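Report on the following structure.
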Protein chains: 2
Amino acid sequence: MDLKPIKTKKIYEEIIEQIRILVIKGELKSGDRLPSERDLAVRFNVSRASVREALSALEMMGLVEIRSGEGTFIKEVNLDSVVTPLAWVLSMEKDILIELLEVRKMLEGQTVALAAKRAAPEDLRELADALKAMLDDMQMGRLGEEADMRFHYAVARASKNKILLRLMNAISDTMHQSLKASRVRLYEENVSPERLYKEHVFILEAITKQNDEDARRYMLEHLAGVEERLLRYYSSNEV
Amino acid sequence: MDLKPIKTKKIYEEIIEQIRILVIKGELKSGDRLPSERDLAVRFNVSRASVREALSALEMMGLVEIRSGEGTFIKEVNLDSVVTPLAWVLSMEKDILIELLEVRKMLEGQTVALAAKRAAPEDLRELADALKAMLDDMQMGRLGEEADMRFHYAVARASKNKILLRLMNAISDTMHQSLKASRVRLYEENVSPERLYKEHVFILEAITKQNDEDARRYMLEHLAGVEERLLRYYSSNEV
DNA sequence: TGTGCATATATAGTAGACAATTTTGTTCGA
DNA sequence: TCGAACAAAATTGTCTACTATATATGCACA
């Protein structure tokens, strides 16, 4: 026999489902304000506590924003709502850095190839801006970590694939968090900022020329360098 | 001036953070039972309603399981806890099928190559089992959709990369949901089950021979077929 | 014209009660 | 001794009613 366990649905789960359906059906768009907690409680014929349980869950999932004294608003279903929980959960696991980088190589190598074929002028501009920021950082003696992330983010956006953009963000966000948690400093030691900068320049040039094969190759070379440093760090520190 | 907006942290968020830290520090392992809601309320010096808001959010995120009359238990941080919210959010968007398939091609093509290099005997067995189920379905005149998913899942697992496994699941889960929502029936029409079956056989053979290049090629050919059907469906139905 | 205050409305959080559910203990009969 | 039935305890599920705090807005007043 194939008997499934019976689970009585909790009220807050049903409220969540109903609100979700309203969003899917388009009756609630991002930015819209939900009725007040008391209103909802009356309309659903439940207590305000149940409504609040549903709303706080929805808020943690990034679907609504609760502004005290104002109301509850539908958030734009954007990157963060998916990225945050992923990074959040993954950060609880150890030894995922290597796996993370493997996935990043797989994804980003092909993403940059797509970007080379699809990048619009404004994408190229954003990439150039990020590169400029990287150069500035370099000359100021800063690490340029942020500009680095900005560049890779711009690449993902140039690919014109929203899901790719999300996944890339999830990956790099998680890597970032994970590196921070394990106190690995990939940027500080043994890295020549000039080399890093040059690698990015090559990538941008390839994208500008719409040469997807070159773009892919340079990106993989760049990530291989990151991997090398990561492995060296691990072996030297016996994590 | 660069003044950041002040946001007061809500009580339930702080409770969540504390529980999360306990999990990270290993003081709470999966399967462990949390103190009762009343206990937690006393220990945190907050009301039970606030504790419940935190717990219901944690439950929706898949981090704990609340069993009424029993207590709250730490769930194993597994695939679903990450996959579900992703699929959940993505399912609210339209016209993501094409993008989804593009990402799937990127990921799964390389995943199967990894699988070819890393598959353990039990992975091969699982793949063969899935294939067998597909054959059975075929001969019974069934669609074999489930066996299909099982095969692709097994491929991801054979890659030995947990994150990849997660992402693959998120993607195929979302595709599945999305197909269902738009009532696209990829399987019913214009598909020769025999051809589908053969494509999978080729993939498994390549994996068994540890030929990653062939595995990748066959997988991409298979997915190209899926894409073709999807595009044909779109053009014929003017979705 | 605005500045400041009162007020209405919203969320944030608390306290306490009772119902529903599950586990556990206990009694009693064969 | 075993087992079924019942009782008790513990826990989550839900509700009501209250206070505190935050925000927007309209109005009086200079």
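Here, A, B, ... name the chains of the structure tokens in the order displayed, residue numbers run from 1 inside each chain, and ligands are numbered from 1 in the same displayed order.
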Find the residues near Glu146 in chain B: any atom within 12 Å, counting only C-alpha atoms (C1' of nucleotides), skip ones fewer than 5 places away on the same chain, and give them as a PyMOL selection string. chain B and resi 130-131+133-138+151-153+172-173+176+187
DSSP alpha helix (DSSP H) selection over range 18-225 of chain B, as a ChimeraX atom specification: /B:18-24,37-44,48-60,79-90,97-118,121-139,145-158,162-181,193-208,212-225
Select from chain A every residue with an atom at most 7 Å from any atom of chain D, then for each give the shortest pair of atoms and their distance in Å to one decimal, using only C-alpha atoms (C1' of nucleotides), rows by chain and rising number, as CSV.
residue,atom,partner,partner_atom,distance
A:Ser47,CA,D:DC15,C1',5.9
A:Ser68,CA,D:DA22,C1',5.9
A:Gly69,CA,D:DA22,C1',4.8
A:Glu70,CA,D:DT23,C1',5.9
Please find the residues of chain C near chain A - the criterion being any atom within 8 Å, counting only C-alpha atoms (C1' of nucleotides) - and write them as a short mmCIF file (atom, residue, chain, number, x, y, z; two decimals) with C-alpha atoms (C1' of nucleotides), in the first residue's frame.
data_model
loop_
_atom_site.label_atom_id
_atom_site.label_comp_id
_atom_site.auth_asym_id
_atom_site.auth_seq_id
_atom_site.Cartn_x
_atom_site.Cartn_y
_atom_site.Cartn_z
"C1'" DT C 9 -4.14 53.98 10.98
"C1'" DA C 10 -0.78 50.75 10.52
"C1'" DT C 11 2.39 47.20 12.34
"C1'" DA C 12 5.01 45.09 16.64
#
Long-range neighbours of Glu53 in chain A as a PDB file with C-alpha atoms, in the first residue's frame, 10 Å cut-off, only C-alpha atoms (C1' of nucleotides), 2 positions minimum in chain:
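The result, stored in result06.pdb:
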ATOM      1  CA  ILE A  11      -3.929  28.219   8.581  1.00  0.00           C
ATOM      2  CA  TYR A  12      -0.861  30.271   7.864  1.00  0.00           C
ATOM      3  CA  GLU A  13       0.079  27.906   5.065  1.00  0.00           C
ATOM      4  CA  ILE A  15      -2.987  32.142   3.716  1.00  0.00           C
ATOM      5  CA  ILE A  16       0.440  32.011   2.101  1.00  0.00           C
ATOM      6  CA  ARG A  48      -4.488  38.291  13.359  1.00  0.00           C
ATOM      7  CA  ALA A  49      -1.823  36.025  14.839  1.00  0.00           C
ATOM      8  CA  SER A  50      -2.281  33.568  11.984  1.00  0.00           C
ATOM      9  CA  VAL A  51      -2.079  36.350   9.439  1.00  0.00           C
ATOM     10  CA  LEU A  55       3.233  37.450   6.582  1.00  0.00           C
ATOM     11  CA  SER A  56       6.469  36.974   8.478  1.00  0.00           C
ATOM     12  CA  ALA A  57       7.105  33.770   6.553  1.00  0.00           C
ATOM     13  CA  LEU A  58       6.407  35.586   3.295  1.00  0.00           C
ATOM     14  CA  GLU A  59       8.742  38.350   4.364  1.00  0.00           C
TER      15      GLU A  59
ATOM     16  CA  TYR B  12      11.250  37.003  15.047  1.00  0.00           C
ATOM     17  CA  ALA B  49       3.501  34.589  19.281  1.00  0.00           C
ATOM     18  CA  SER B  50       6.908  35.937  18.331  1.00  0.00           C
ATOM     19  CA  VAL B  51       8.446  32.494  18.694  1.00  0.00           C
ATOM     20  CA  ARG B  52       5.731  31.076  16.489  1.00  0.00           C
ATOM     21  CA  GLU B  53       6.341  33.716  13.828  1.00  0.00           C
ATOM     22  CA  ALA B  54       9.989  32.722  13.755  1.00  0.00           C
ATOM     23  CA  LEU B  55       9.213  29.014  13.662  1.00  0.00           C
ATOM     24  CA  SER B  56       6.640  29.264  10.875  1.00  0.00           C
ATOM     25  CA  ALA B  57       9.124  31.250   8.790  1.00  0.00           C
TER      26      ALA B  57
END
Based on only C-alpha atoms, which of the residues in chain B come within 7 Å of chain A? I want them as a PDB file with C-alpha atoms, in the first residue's frame.
ATOM      1  CA  ILE B  24      25.881  26.305  12.115  1.00  0.00           C
ATOM      2  CA  GLU B  53       6.341  33.716  13.828  1.00  0.00           C
ATOM      3  CA  SER B  56       6.640  29.264  10.875  1.00  0.00           C
ATOM      4  CA  ALA B  57       9.124  31.250   8.790  1.00  0.00           C
ATOM      5  CA  MET B  60       8.457  27.581   5.205  1.00  0.00           C
ATOM      6  CA  VAL B  82      16.767  25.085  -1.386  1.00  0.00           C
ATOM      7  CA  LEU B  86      13.477  28.606  -5.990  1.00  0.00           C
ATOM      8  CA  MET B  92       5.391  33.091 -10.733  1.00  0.00           C
ATOM      9  CA  GLU B  99      15.510  30.570 -20.561  1.00  0.00           C
ATOM     10  CA  LEU B 100      15.154  27.617 -18.279  1.00  0.00           C
ATOM     11  CA  VAL B 103      20.370  27.033 -18.550  1.00  0.00           C
ATOM     12  CA  MET B 106      24.474  24.609 -20.141  1.00  0.00           C
ATOM     13  CA  LEU B 107      24.423  22.815 -16.853  1.00  0.00           C
ATOM     14  CA  GLN B 110      28.672  19.536 -18.351  1.00  0.00           C
ATOM     15  CA  ASN B 161      28.776  17.756  -6.807  1.00  0.00           C
ATOM     16  CA  ILE B 163      25.475  22.039  -5.458  1.00  0.00           C
ATOM     17  CA  LEU B 164      25.091  20.879  -9.005  1.00  0.00           C
TER      18      LEU B 164
END
All strand (DSSP E or B) positions in range 24-202 of chain A, as a VMD selection string: chain A and resid 33 64 to 67 71 to 74
Ser30 in chain B: which residues within 7 Å, counting only C-alpha atoms (C1' of nucleotides), same-chain residues fewer than 6 positions away excluded, as JSON, numbers by chain? {"B": [74, 75, 76]}
Could you jot down the CA of Phe73 in chain B to C1' of DG13 in chain C separation for me, Å, one decimal place? 25.2 Å
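Note that the spacing between CA of Val201 in chain A and CA of Glu122 in chain A amounts to 17.1 Å.
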As a check of understanding: the span from C1' of DA20 in chain C to CA of Glu14 in chain A is 18.2 Å
